[in-house]
$ cat upload-v9.csv   # CSV, C-alpha atoms
chain,number,residue,atom,x,y,z
A,168,MET,CA,16.8,-15.9,-10.7
A,169,ILE,CA,14.1,-18.1,-9.3
A,170,ALA,CA,16.6,-20.3,-7.6
A,171,ALA,CA,18.5,-17.3,-6.2
A,172,LEU,CA,15.2,-15.9,-4.8
A,173,ARG,CA,14.3,-19.2,-3.2
A,174,ARG,CA,17.8,-19.5,-1.6
A,175,ALA,CA,17.4,-16.0,-0.2
A,176,GLU,CA,14.0,-16.9,1.2
A,177,GLU,CA,15.2,-20.1,2.8
A,178,GLY,CA,18.2,-18.4,4.3
A,179,ARG,CA,16.1,-15.5,5.5
A,180,ARG,CA,18.8,-13.2,4.0
A,181,THR,CA,18.9,-9.5,4.1
A,182,GLY,CA,20.5,-7.6,1.2
A,183,VAL,CA,20.3,-6.9,-2.5
A,184,LEU,CA,19.6,-9.4,-5.3
A,185,ARG,CA,20.8,-7.9,-8.5
A,186,ALA,CA,20.1,-9.2,-12.0
A,187,GLY,CA,22.9,-7.5,-14.0
A,188,ASP,CA,21.7,-4.1,-15.3
A,189,ASP,CA,18.1,-5.4,-15.5
A,190,GLY,CA,17.0,-4.6,-12.0
A,191,VAL,CA,17.4,-5.2,-8.3
A,192,LEU,CA,15.4,-6.7,-5.5
A,193,HIS,CA,15.8,-5.6,-1.9
A,194,LEU,CA,15.2,-8.2,0.7
A,195,THR,CA,14.8,-8.1,4.5
A,196,ASP,CA,14.8,-11.4,6.4
A,197,GLY,CA,14.1,-13.3,3.1
A,198,ALA,CA,11.1,-11.1,2.2
A,199,VAL,CA,11.1,-8.7,-0.7
A,200,THR,CA,10.6,-5.1,0.4
A,201,PHE,CA,11.5,-3.2,-2.7
A,202,ALA,CA,12.0,-4.0,-6.4
A,203,GLU,CA,13.1,-2.1,-9.5
A,204,SER,CA,13.5,-3.2,-13.1
A,205,ARG,CA,14.4,-1.5,-16.3
A,206,TRP,CA,11.1,-2.5,-17.8
A,207,THR,CA,8.7,-1.2,-15.2
A,208,PRO,CA,8.0,2.3,-13.8
A,209,ALA,CA,9.8,3.2,-10.5
A,210,PRO,CA,7.7,2.3,-7.4
A,211,ASP,CA,7.6,6.0,-6.3
A,212,ALA,CA,6.9,7.4,-9.8
A,213,GLY,CA,3.2,7.7,-9.1
A,214,PRO,CA,0.4,8.9,-11.3
A,215,PRO,CA,0.9,11.6,-14.0
A,216,ALA,CA,1.2,15.2,-13.0
A,217,PRO,CA,-2.2,16.9,-12.4
A,218,SER,CA,-1.8,19.0,-15.5
A,219,ASP,CA,-2.1,15.8,-17.6
A,220,ARG,CA,-5.3,14.8,-16.0
A,221,TRP,CA,-8.8,15.7,-16.7
A,222,PRO,CA,-9.8,18.1,-13.9
A,223,THR,CA,-12.0,16.5,-11.2
A,224,PRO,CA,-15.5,17.9,-11.3
A,225,GLY,CA,-15.9,20.8,-8.9
A,226,ARG,CA,-12.1,21.3,-8.8
A,227,THR,CA,-11.2,23.1,-11.9
A,228,ASP,CA,-8.7,25.3,-10.1
A,229,GLY,CA,-5.9,22.7,-10.6
A,230,GLY,CA,-4.8,23.3,-7.0
A,231,PRO,CA,-2.3,21.0,-5.4
A,232,ARG,CA,-3.4,17.4,-5.2
A,233,PRO,CA,-3.6,16.0,-1.7
A,234,ALA,CA,-0.6,13.9,-0.7
A,235,PRO,CA,-1.1,10.2,-1.3
A,236,THR,CA,-2.4,8.4,1.7
A,237,GLU,CA,-0.7,5.6,3.4
A,238,TRP,CA,-2.8,2.9,1.7
A,239,HIS,CA,-2.1,4.5,-1.7
A,240,ARG,CA,1.7,4.3,-1.1
A,241,GLU,CA,1.5,0.7,0.1
A,242,THR,CA,-0.6,-0.4,-2.8
A,243,ARG,CA,1.7,1.4,-5.3
A,244,LEU,CA,4.8,-0.2,-3.8
A,245,LEU,CA,3.2,-3.6,-3.7
A,246,LEU,CA,2.1,-3.4,-7.3
A,247,ALA,CA,5.5,-2.2,-8.4
A,248,ILE,CA,7.2,-5.1,-6.6
A,249,PHE,CA,5.1,-7.7,-8.3
A,250,ASP,CA,5.4,-5.9,-11.6
A,251,ALA,CA,9.2,-5.7,-11.5
A,252,VAL,CA,9.6,-9.3,-10.4
A,253,TYR,CA,7.4,-10.6,-13.2
A,254,PHE,CA,9.7,-9.2,-15.8
A,255,LEU,CA,12.9,-9.8,-13.8
A,256,LEU,CA,12.3,-13.5,-13.8
A,257,ASP,CA,12.9,-13.5,-17.5
A,258,SER,CA,16.1,-11.6,-17.2
A,259,ASP,CA,19.1,-13.6,-18.7
A,260,ALA,CA,21.6,-11.7,-16.5
A,261,ALA,CA,23.2,-13.8,-13.8
A,262,PRO,CA,21.7,-13.0,-10.4
A,263,SER,CA,24.1,-12.0,-7.7
A,264,PHE,CA,23.3,-11.5,-4.0
A,265,THR,CA,25.0,-9.0,-1.7
A,266,GLU,CA,24.5,-8.9,2.0
A,267,ARG,CA,23.5,-5.4,3.0
A,268,PRO,CA,21.7,-3.7,5.8
A,269,PRO,CA,17.9,-3.4,5.2
A,270,HIS,CA,17.0,-1.0,2.4
A,271,ARG,CA,14.5,0.7,4.6
A,272,PRO,CA,14.5,0.4,8.4
A,273,ALA,CA,10.7,-0.1,8.5
A,274,PRO,CA,9.6,-1.4,5.2
A,275,GLU,CA,6.1,-0.5,4.1
A,276,CYS,CA,5.4,-3.9,2.8
A,277,ARG,CA,7.0,-7.3,2.7
A,278,VAL,CA,6.3,-9.9,0.1
A,279,SER,CA,7.4,-13.5,0.5
A,280,PRO,CA,9.2,-14.9,-2.6
A,281,THR,CA,6.8,-17.8,-2.5
A,282,ALA,CA,3.8,-15.5,-3.0
A,283,LEU,CA,5.8,-13.6,-5.7
A,284,LEU,CA,6.7,-16.7,-7.7
A,285,ARG,CA,3.2,-18.0,-7.4
A,286,GLU,CA,1.7,-14.9,-8.7
A,287,CYS,CA,4.2,-14.7,-11.5
A,288,SER,CA,3.4,-18.2,-12.6
A,289,ARG,CA,-0.3,-17.3,-12.6
A,290,ARG,CA,0.5,-14.3,-14.8
A,291,ARG,CA,2.4,-16.5,-17.2
A,292,GLU,CA,-0.7,-18.7,-17.6
A,293,GLU,CA,-2.7,-15.8,-19.0
A,294,PRO,CA,-3.3,-15.9,-22.7
A,295,ASP,CA,-0.8,-13.6,-24.4
A,296,ALA,CA,-2.7,-12.8,-27.7
A,297,GLY,CA,0.7,-12.7,-29.4
A,298,TRP,CA,2.2,-10.4,-26.8
A,299,PRO,CA,4.6,-12.4,-24.6
A,300,ALA,CA,6.2,-10.5,-21.8
A,301,THR,CA,9.5,-10.3,-23.6
A,302,LEU,CA,8.0,-7.9,-26.2
A,303,VAL,CA,6.9,-5.4,-23.5
A,304,ASP,CA,9.7,-3.0,-24.4
A,305,ARG,CA,10.4,-4.1,-27.9
A,306,VAL,CA,7.3,-3.7,-30.0
A,307,PRO,CA,5.4,-0.5,-30.3
A,308,VAL,CA,1.6,-0.5,-29.8
A,309,VAL,CA,0.1,0.3,-33.2
A,310,PRO,CA,-3.6,1.1,-33.3
A,311,VAL,CA,-5.5,-0.3,-36.3
A,312,ARG,CA,-6.9,2.2,-38.9
A,313,THR,CA,-10.3,0.6,-39.4
A,314,VAL,CA,-12.4,-1.1,-36.9
A,315,ARG,CA,-14.5,-4.1,-38.1
A,316,ARG,CA,-16.8,-4.5,-35.2
A,317,ARG,CA,-19.7,-2.1,-34.7
A,318,ARG,CA,-19.5,-1.9,-31.0
A,319,ILE,CA,-16.8,-2.6,-28.5
A,320,VAL,CA,-16.9,-1.9,-24.8
A,321,LEU,CA,-13.5,-1.1,-23.2
A,322,THR,CA,-12.4,-0.8,-19.6
A,323,GLY,CA,-10.7,2.3,-18.3
A,324,PRO,CA,-7.1,1.0,-18.5
A,325,GLN,CA,-7.7,-0.2,-22.1
A,326,ILE,CA,-9.1,3.2,-23.1
A,327,GLU,CA,-6.0,4.9,-21.6
A,328,VAL,CA,-3.8,2.7,-23.6
A,329,ILE,CA,-5.6,3.1,-26.9
A,330,LEU,CA,-5.9,6.9,-26.5
A,331,ASN,CA,-2.2,7.1,-25.9
A,332,ALA,CA,-0.9,4.5,-28.3
A,333,ASP,CA,0.9,6.4,-31.1
A,334,GLY,CA,2.6,3.7,-33.0
A,335,HIS,CA,5.9,4.4,-31.4
A,336,ARG,CA,5.6,3.8,-27.7
A,337,THR,CA,5.9,0.2,-26.4
A,338,PRO,CA,3.6,-1.1,-23.6
A,339,ALA,CA,6.5,-0.4,-21.2
A,340,ASP,CA,6.7,3.3,-22.4
A,341,LEU,CA,3.0,3.7,-22.0
A,342,ALA,CA,3.1,2.3,-18.5
A,343,ARG,CA,5.7,4.8,-17.6
A,344,ASP,CA,3.9,7.7,-19.2
A,345,LEU,CA,0.5,6.7,-17.7
A,346,GLY,CA,1.8,5.8,-14.3
A,347,ARG,CA,0.5,2.3,-14.6
A,348,THR,CA,2.1,-1.1,-14.1
A,349,ALA,CA,3.8,-2.6,-17.1
A,350,PHE,CA,2.0,-5.8,-16.7
A,351,GLY,CA,-1.3,-4.0,-16.4
A,352,CYS,CA,-0.6,-2.2,-19.7
A,353,LEU,CA,0.5,-5.4,-21.3
A,354,THR,CA,-2.8,-7.0,-20.2
A,355,ALA,CA,-4.7,-4.0,-21.7
A,356,VAL,CA,-2.7,-4.3,-24.9
A,357,ARG,CA,-3.4,-8.0,-25.1
A,358,ALA,CA,-7.2,-7.4,-24.7
A,359,LEU,CA,-7.0,-4.6,-27.3
A,360,THR,CA,-5.3,-6.9,-29.7
A,361,ALA,CA,-7.9,-9.6,-29.1
A,362,ALA,CA,-10.6,-7.0,-29.8
A,363,GLU,CA,-8.7,-6.1,-33.1
A,364,LEU,CA,-8.0,-2.5,-32.0
A,365,VAL,CA,-4.3,-3.0,-31.9
A,366,ARG,CA,-2.2,-4.7,-34.5
A,367,PRO,CA,-0.7,-8.0,-33.3
A,368,PRO,CA,3.1,-7.9,-33.1
A,369,ARG,CA,4.4,-9.6,-36.2
A,370,ASN,CA,7.5,-9.9,-38.2
A,371,GLU,CA,9.6,-8.4,-35.4
A,372,PRO,CA,13.2,-9.5,-36.0
A,373,ASP,CA,13.9,-9.2,-32.3
A,374,ALA,CA,10.9,-11.0,-31.2
A,375,LEU,CA,11.4,-14.4,-29.6
A,376,PRO,CA,9.0,-17.2,-30.4
A,377,VAL,CA,6.1,-17.0,-28.1
A,378,ARG,CA,6.4,-20.5,-26.7
A,379,ARG,CA,9.9,-20.0,-25.5
A,380,ARG,CA,8.6,-18.5,-22.3
A,381,ARG,CA,6.6,-21.4,-21.2
A,382,PRO,CA,8.0,-24.4,-19.3
A,383,PRO,CA,8.6,-27.3,-21.8
A,384,ALA,CA,5.4,-28.9,-20.8
A,385,ARG,CA,4.7,-31.9,-22.9
A,386,GLY,CA,7.9,-32.0,-24.9
A,387,SER,CA,6.1,-31.0,-28.0
A,388,ASP,CA,8.1,-27.8,-28.5
A,389,GLY,CA,11.5,-29.1,-27.6
A,390,GLY,CA,12.7,-28.6,-31.2
A,391,GLU,CA,12.6,-24.9,-30.9
A,392,ASP,CA,15.4,-24.8,-28.4
A,393,THR,CA,18.1,-25.1,-31.0
A,394,ALA,CA,16.8,-22.4,-33.2
A,395,ALA,CA,16.5,-19.8,-30.6
A,396,PRO,CA,19.2,-17.3,-29.6
A,397,ALA,CA,21.4,-18.0,-26.6
A,398,PRO,CA,19.6,-16.1,-23.7
A,399,TRP,CA,17.1,-18.9,-23.1
A,400,ALA,CA,19.4,-21.6,-22.0
A,401,PRO,CA,18.0,-25.0,-21.0
A,402,VAL,CA,19.0,-24.4,-17.4
A,403,GLU,CA,16.3,-21.7,-17.2
A,404,LEU,CA,13.7,-24.3,-18.3
A,405,ASP,CA,15.1,-26.7,-15.6
A,406,VAL,CA,14.5,-24.0,-13.0
A,407,LEU,CA,11.0,-23.5,-14.2
A,408,LEU,CA,10.2,-27.2,-13.9
A,409,ARG,CA,11.6,-27.2,-10.4
A,410,LEU,CA,9.5,-24.2,-9.6
A,411,ARG,CA,6.4,-25.9,-10.9
A,412,ALA,CA,7.2,-29.0,-8.8
A,413,GLY,CA,7.7,-26.8,-5.8
A,414,LEU,CA,4.4,-25.0,-6.4
A,415,GLU,CA,2.6,-28.3,-6.7
A,416,GLU,CA,4.0,-29.4,-3.4
A,417,LEU,CA,2.7,-26.2,-1.8
A,418,THR,CA,-0.9,-26.8,-2.9
B,86,MET,CA,-3.6,7.8,8.2
B,87,LEU,CA,-5.5,5.0,6.6
B,88,SER,CA,-3.4,1.9,5.9
B,89,ILE,CA,-4.5,-1.1,3.9
B,90,ASP,CA,-4.7,-3.3,6.9
B,91,GLY,CA,-6.7,-0.6,8.7
B,92,CYS,CA,-9.2,-0.5,5.8
B,93,LEU,CA,-9.5,-4.3,5.7
B,94,SER,CA,-9.9,-4.7,9.5
B,95,ARG,CA,-12.6,-2.1,9.6
B,96,LEU,CA,-14.5,-3.9,6.8
B,97,MET,CA,-14.1,-7.1,8.8
B,98,GLY,CA,-16.0,-5.3,11.5
B,99,VAL,CA,-19.1,-5.2,9.3
B,100,PRO,CA,-21.7,-7.6,10.8
B,101,GLY,CA,-21.5,-11.0,9.1
B,102,ALA,CA,-18.2,-10.3,7.3
B,103,ARG,CA,-16.4,-13.5,6.3
B,104,SER,CA,-13.5,-12.2,4.3
B,105,VAL,CA,-12.4,-9.1,2.5
B,106,THR,CA,-9.8,-8.8,-0.3
B,107,LEU,CA,-8.4,-5.8,-2.2
B,108,VAL,CA,-7.8,-6.8,-5.8
B,109,ASP,CA,-6.0,-5.0,-8.6
B,110,CYS,CA,-8.1,-5.8,-11.6
B,111,ALA,CA,-5.6,-4.4,-14.0
B,112,THR,CA,-3.3,-7.3,-13.2
B,113,GLY,CA,-5.4,-9.7,-11.1
B,114,LEU,CA,-3.2,-9.3,-8.1
B,115,CYS,CA,-4.5,-9.8,-4.6
B,116,VAL,CA,-3.1,-6.6,-2.9
B,117,ALA,CA,-4.2,-7.6,0.6
B,118,SER,CA,-6.8,-9.7,2.3
B,119,ALA,CA,-8.3,-10.5,5.7
B,120,GLY,CA,-10.6,-13.1,7.0
B,121,ARG,CA,-11.1,-16.8,6.4
B,122,GLU,CA,-9.4,-18.6,3.6
B,123,ASP,CA,-11.1,-22.0,3.3
B,124,VAL,CA,-12.7,-22.5,0.0
B,125,VAL,CA,-10.3,-20.7,-2.3
B,126,ASP,CA,-7.0,-19.1,-1.4
B,127,ARG,CA,-6.7,-15.3,-1.7
B,128,HIS,CA,-4.8,-15.4,-5.0
B,129,GLU,CA,-7.3,-17.6,-6.7
B,130,ASN,CA,-10.0,-15.4,-5.3
B,131,ALA,CA,-8.3,-12.3,-6.7
B,132,ALA,CA,-7.9,-13.9,-10.1
B,133,GLY,CA,-11.5,-15.1,-10.2
B,134,THR,CA,-12.8,-11.7,-9.0
B,135,THR,CA,-10.8,-10.1,-11.8
B,136,GLU,CA,-12.4,-12.3,-14.4
B,137,VAL,CA,-15.9,-11.4,-13.1
B,138,VAL,CA,-15.1,-7.6,-13.0
B,139,ARG,CA,-13.5,-7.7,-16.5
B,140,ALA,CA,-16.4,-9.6,-18.0
B,141,ILE,CA,-19.0,-7.2,-16.5
B,142,LEU,CA,-17.0,-4.0,-17.4
B,143,ALA,CA,-16.7,-5.2,-21.0
B,144,ASP,CA,-20.3,-6.4,-21.5
B,145,PRO,CA,-22.7,-3.9,-23.1
B,146,ALA,CA,-25.6,-5.8,-21.7
B,147,MET,CA,-24.5,-5.0,-18.2
B,148,SER,CA,-24.9,-1.3,-18.7
B,149,SER,CA,-28.0,0.7,-17.8
B,150,THR,CA,-27.5,3.4,-20.4
B,151,SER,CA,-26.9,3.2,-24.1
B,152,THR,CA,-23.6,4.9,-24.0
B,153,GLY,CA,-22.2,2.7,-21.3
B,154,ASP,CA,-22.3,3.1,-17.6
B,155,ASP,CA,-19.8,3.3,-14.8
B,156,ILE,CA,-19.9,0.1,-12.8
B,157,GLU,CA,-19.6,1.0,-9.1
B,158,GLU,CA,-20.6,-2.2,-7.4
B,159,ILE,CA,-21.2,-5.8,-8.4
B,160,ILE,CA,-23.3,-8.0,-6.0
B,161,VAL,CA,-23.4,-11.7,-6.3
B,162,CYS,CA,-26.0,-13.4,-4.1
B,163,GLY,CA,-25.5,-17.0,-3.0
B,164,ALA,CA,-27.8,-19.1,-1.0
B,165,ASN,CA,-25.5,-18.6,2.0
B,166,GLY,CA,-23.8,-15.3,1.4
B,167,TYR,CA,-23.4,-12.2,-0.5
B,168,HIS,CA,-20.3,-11.2,-2.5
B,169,LEU,CA,-19.9,-7.4,-2.8
B,170,LEU,CA,-17.4,-6.1,-5.3
B,171,ALA,CA,-16.9,-2.4,-5.1
B,172,ALA,CA,-14.7,-0.2,-7.3
B,173,VAL,CA,-12.2,1.9,-5.3
B,174,GLY,CA,-11.6,5.5,-6.5
B,175,THR,CA,-9.6,5.7,-9.7
B,176,SER,CA,-7.3,8.3,-8.3
B,177,ALA,CA,-4.9,5.6,-7.4
B,178,ASP,CA,-2.8,4.2,-10.2
B,179,ALA,CA,-4.7,0.9,-10.5
B,180,LEU,CA,-8.1,-0.5,-11.1
B,181,LEU,CA,-8.8,-1.6,-7.6
B,182,PHE,CA,-11.8,-3.5,-6.3
B,183,LEU,CA,-12.8,-4.5,-2.8
B,184,HIS,CA,-14.3,-7.9,-2.5
B,185,LEU,CA,-16.4,-8.4,0.7
B,186,LEU,CA,-18.0,-11.7,1.5
B,187,ILE,CA,-21.0,-11.4,3.9
B,188,ASP,CA,-22.7,-14.3,5.6
B,189,ARG,CA,-26.4,-14.4,4.6
B,190,THR,CA,-27.9,-15.1,8.0
B,191,GLN,CA,-25.6,-13.1,10.2
B,192,GLY,CA,-25.1,-10.2,7.8
B,193,ASN,CA,-27.3,-7.5,6.3
B,194,LEU,CA,-26.8,-6.6,2.7
B,195,ALA,CA,-27.9,-3.0,3.0
B,196,LEU,CA,-25.7,-2.3,6.0
B,197,ALA,CA,-22.8,-4.0,4.4
B,198,ARG,CA,-23.2,-2.0,1.2
B,199,HIS,CA,-23.5,1.2,3.2
B,200,ARG,CA,-20.3,0.5,5.2
B,201,LEU,CA,-18.5,-0.6,2.0
B,202,GLN,CA,-19.4,2.6,0.2
B,203,THR,CA,-18.3,4.7,3.2
B,204,MET,CA,-15.0,2.9,3.1
B,205,VAL,CA,-14.6,3.4,-0.6
B,206,GLN,CA,-15.2,7.1,-0.3
B,207,GLU,CA,-12.8,7.4,2.5
B,208,MET,CA,-10.1,5.5,0.6
B,209,ALA,CA,-10.6,7.7,-2.4
B,210,GLY,CA,-9.4,10.5,-0.2
B,211,PRO,CA,-10.6,14.0,0.5
B,212,GLU,CA,-10.3,14.9,-3.2
B,213,ARG,CA,-13.3,12.7,-4.1
B,214,ALA,CA,-15.2,12.6,-0.9
B,215,ARG,CA,-18.8,13.6,-1.1
$ encode --input "upload-v9.csv" --output "structure tokens"
Amino acid sequence: MIAALRRAEEGRRTGVLRAGDDGVLHLTDGAVTFAESRWTPAPDAGPPAPSDRWPTPGRTDGGPRPAPTEWHRETRLLLAIFDAVYFLLDSDAAPSFTERPPHRPAPECRVSPTALLRECSRRREEPDAGWPATLVDRVPVVPVRTVRRRRIVLTGPQIEVILNADGHRTPADLARDLGRTAFGCLTAVRALTAAELVRPPRNEPDALPVRRRRPPARGSDGGEDTAAPAPWAPVELDVLLRLRAGLEELT
Amino acid sequence: MLSIDGCLSRLMGVPGARSVTLVDCATGLCVASAGREDVVDRHENAAGTTEVVRAILADPAMSSTSTGDDIEEIIVCGANGYHLLAAVGTSADALLFLHLLIDRTQGNLALARHRLQTMVQEMAGPERAR
């Protein structure tokens, strides 16, 4: 996927990069203008309906919300692109590129694959608190019953997640229902897990070992390759190494 | 209509403005930026800003009331400049902060704060304008 994206950028290609059924990237002149994945909310999904939201002070009539402004739409689209690509890079489907006319004649935003890959590798570096990205749609968020600490301060997104976690919905489900990015929800879940408000994902039969997602840095975890199921073929790790070399060249 | 680039270029018009970045603190993503990029690049900038904002939001000592306080703005004063971090209305689907860097000799903190807050209210849209 990374290699396919790089090739599309180098060739300044216009078309659709598809990762099996996992998602698609739309490119114009080698820049990503639109992205969708099965893990992340659709770019135009937007925030929840007004009825779900606490009424704004002074506006209890529940009247129609003003249409999103241009910068709202741009921001939403941009966040959705980064969100989708972050999870698509882990897709084990073989990527295929199809030349096509631009998805939108005048794209609202264009993101270079270099910036995308760079941001994704930064996101991978974040501590995962037992929640690697591959669990985003596999393990439900289960709040703990008893809290050991006397006082915990949470940010808005963390509160949204803990209020809506019902023991059944996964971080990806929550993101969809709350109109947030999947990675943002995952980050909130990680913080909540670190604060001991959410149970760490354990004993999940589907769950891949956490370290599988990292590039094989110092050769210490090479032994895990054989034990893991097929999707994570060595070629993927190769690509990650090349990506890292490429990123180091850029800096 | 107000576009992201429109917002940023107007903030760059603030006297003494060196750089301005729109950061999504839910993910640490630099949504957009304008101005100089010499010391740190905009993505590192966004990641660092996110760390600061998260630390302050999660710290009970940084609250002025016992029940917790809503942080509107974080100001970091350096010997040569001010960093202004302002929360942008939560009606968008992200935890967004504007990071404005002002030169200390050419800029004016009060004026910059005023302009930044005006922009934040405008970005929040008519729904939240005061």
$ residues_around --input "upload-v9.csv" --residues "stretch 171-173 of chain B" --least-positions-apart "2" --cutoff "8 Å" --atoms "only C-alpha atoms" --output "PyMOL selection string"
chain B and resi 156-159+169+175+180-184+201-202+205-206+208-209
$ closest_residue --input "upload-v9.csv" --among "A:Asp196, A:Asp295, A:Glu286, A:Asp189" --to "chain B" --atoms "all atoms listed in the file"
A:Glu286
$ residues_around --input "upload-v9.csv" --residues "A:Pro324" --least-positions-apart "3" --cutoff "7 Å" --atoms "all atoms listed in the file" --output "ChimeraX atom specification"
/A:327-328,355
$ closest_residue --input "upload-v9.csv" --among "B:Leu142, B:Met204, B:Met147, B:Leu185" --to "B:Cys110" --atoms "only C-alpha atoms"
B:Leu142
$ closest_atom_pairs --input "upload-v9.csv" --of "chain A" --to "chain B" --cutoff "7 Å" --atoms "all atoms listed in the file" --output "Markdown table"
| residue | atom | partner | partner_atom | distance |
| --- | --- | --- | --- | --- |
| A:Pro214 | CA | B:Asp178 | CA | 5.8 |
| A:Pro233 | CA | B:Glu212 | CA | 7.0 |
| A:Thr236 | CA | B:Met86 | CA | 6.6 |
| A:Glu237 | CA | B:Ser88 | CA | 5.2 |
| A:Trp238 | CA | B:Ser88 | CA | 4.4 |
| A:His239 | CA | B:Ala177 | CA | 6.4 |
| A:Thr242 | CA | B:Val116 | CA | 6.7 |
| A:Val320 | CA | B:Ala143 | CA | 5.0 |
| A:Leu321 | CA | B:Ala143 | CA | 5.6 |
| A:Thr322 | CA | B:Leu142 | CA | 6.0 |
| A:Gly346 | CA | B:Asp178 | CA | 6.4 |
| A:Arg347 | CA | B:Asp178 | CA | 5.8 |
| A:Phe350 | CA | B:Thr112 | CA | 6.5 |
| A:Gly351 | CA | B:Ala111 | CA | 4.9 |
$ atom_distance --input "upload-v9.csv" --atom1 "atom CA of B:Asn130" --atom2 "atom CA of A:Arg174"
28.3 Å
$ residues_around --input "upload-v9.csv" --residues "A:Gly297" --least-positions-apart "2" --cutoff "8 Å" --atoms "only C-alpha atoms" --output "VMD selection string"
chain A and resid 295 299 357 367 to 368 377
$ atom_distance --input "upload-v9.csv" --atom1 "atom CA of A:Ala362" --atom2 "atom CA of A:Ile319"
7.7 Å
$ residues_near_point --input "upload-v9.csv" --point "(4.8, 0.9, -25.6)" --cutoff "7 Å" --atoms "only C-alpha atoms" --output "short mmCIF file (atom, residue, chain, number, x, y, z; two decimals) with C-alpha atoms, in the frame of the given file"
data_model
loop_
_atom_site.label_atom_id
_atom_site.label_comp_id
_atom_site.auth_asym_id
_atom_site.auth_seq_id
_atom_site.Cartn_x
_atom_site.Cartn_y
_atom_site.Cartn_z
CA VAL A 303 6.90 -5.40 -23.50
CA ASP A 304 9.70 -3.00 -24.40
CA VAL A 306 7.30 -3.70 -30.00
CA PRO A 307 5.40 -0.50 -30.30
CA VAL A 308 1.60 -0.50 -29.80
CA HIS A 335 5.90 4.40 -31.40
CA ARG A 336 5.60 3.80 -27.70
CA THR A 337 5.90 0.20 -26.40
CA PRO A 338 3.60 -1.10 -23.60
CA ALA A 339 6.50 -0.40 -21.20
CA ASP A 340 6.70 3.30 -22.40
CA LEU A 341 3.00 3.70 -22.00
#
$ decode --input "upload-v9.csv" --residues "stretch 123-157 of chain B" --atoms "C-alpha atoms" --output "short mmCIF file (atom, residue, chain, number, x, y, z; two decimals), in the first residue's frame"
data_model
loop_
_atom_site.label_atom_id
_atom_site.label_comp_id
_atom_site.auth_asym_id
_atom_site.auth_seq_id
_atom_site.Cartn_x
_atom_site.Cartn_y
_atom_site.Cartn_z
CA ASP B 123 12.47 27.30 10.62
CA VAL B 124 12.85 25.81 14.07
CA VAL B 125 10.42 22.93 13.91
CA ASP B 126 8.35 21.80 11.00
CA ARG B 127 4.60 22.12 11.19
CA HIS B 128 3.95 18.47 11.92
CA GLU B 129 6.34 18.39 14.85
CA ASN B 130 4.84 21.67 15.93
CA ALA B 131 1.35 20.16 15.87
CA ALA B 132 2.44 17.07 17.77
CA GLY B 133 4.17 19.20 20.40
CA THR B 134 1.21 21.54 20.71
CA THR B 135 -1.06 18.56 21.21
CA GLU B 136 1.12 17.29 24.05
CA VAL B 137 0.94 20.67 25.78
CA VAL B 138 -2.81 21.02 25.33
CA ARG B 139 -3.48 17.48 26.51
CA ALA B 140 -1.27 17.92 29.55
CA ILE B 141 -3.01 21.15 30.53
CA LEU B 142 -6.52 19.84 29.88
CA ALA B 143 -5.84 16.76 32.00
CA ASP B 144 -4.19 18.56 34.90
CA PRO B 145 -6.38 19.50 37.87
CA ALA B 146 -3.79 22.04 39.02
CA MET B 147 -4.39 24.01 35.83
CA SER B 148 -8.01 24.65 36.67
CA SER B 149 -9.28 27.75 38.43
CA THR B 150 -12.37 26.10 39.87
CA SER B 151 -12.68 23.01 42.03
CA THR B 152 -14.95 21.26 39.56
CA GLY B 153 -12.65 21.82 36.61
CA ASP B 154 -12.57 24.70 34.21
CA ASP B 155 -12.90 25.03 30.47
CA ILE B 156 -9.56 25.98 29.03
CA GLU B 157 -10.04 28.64 26.35
#
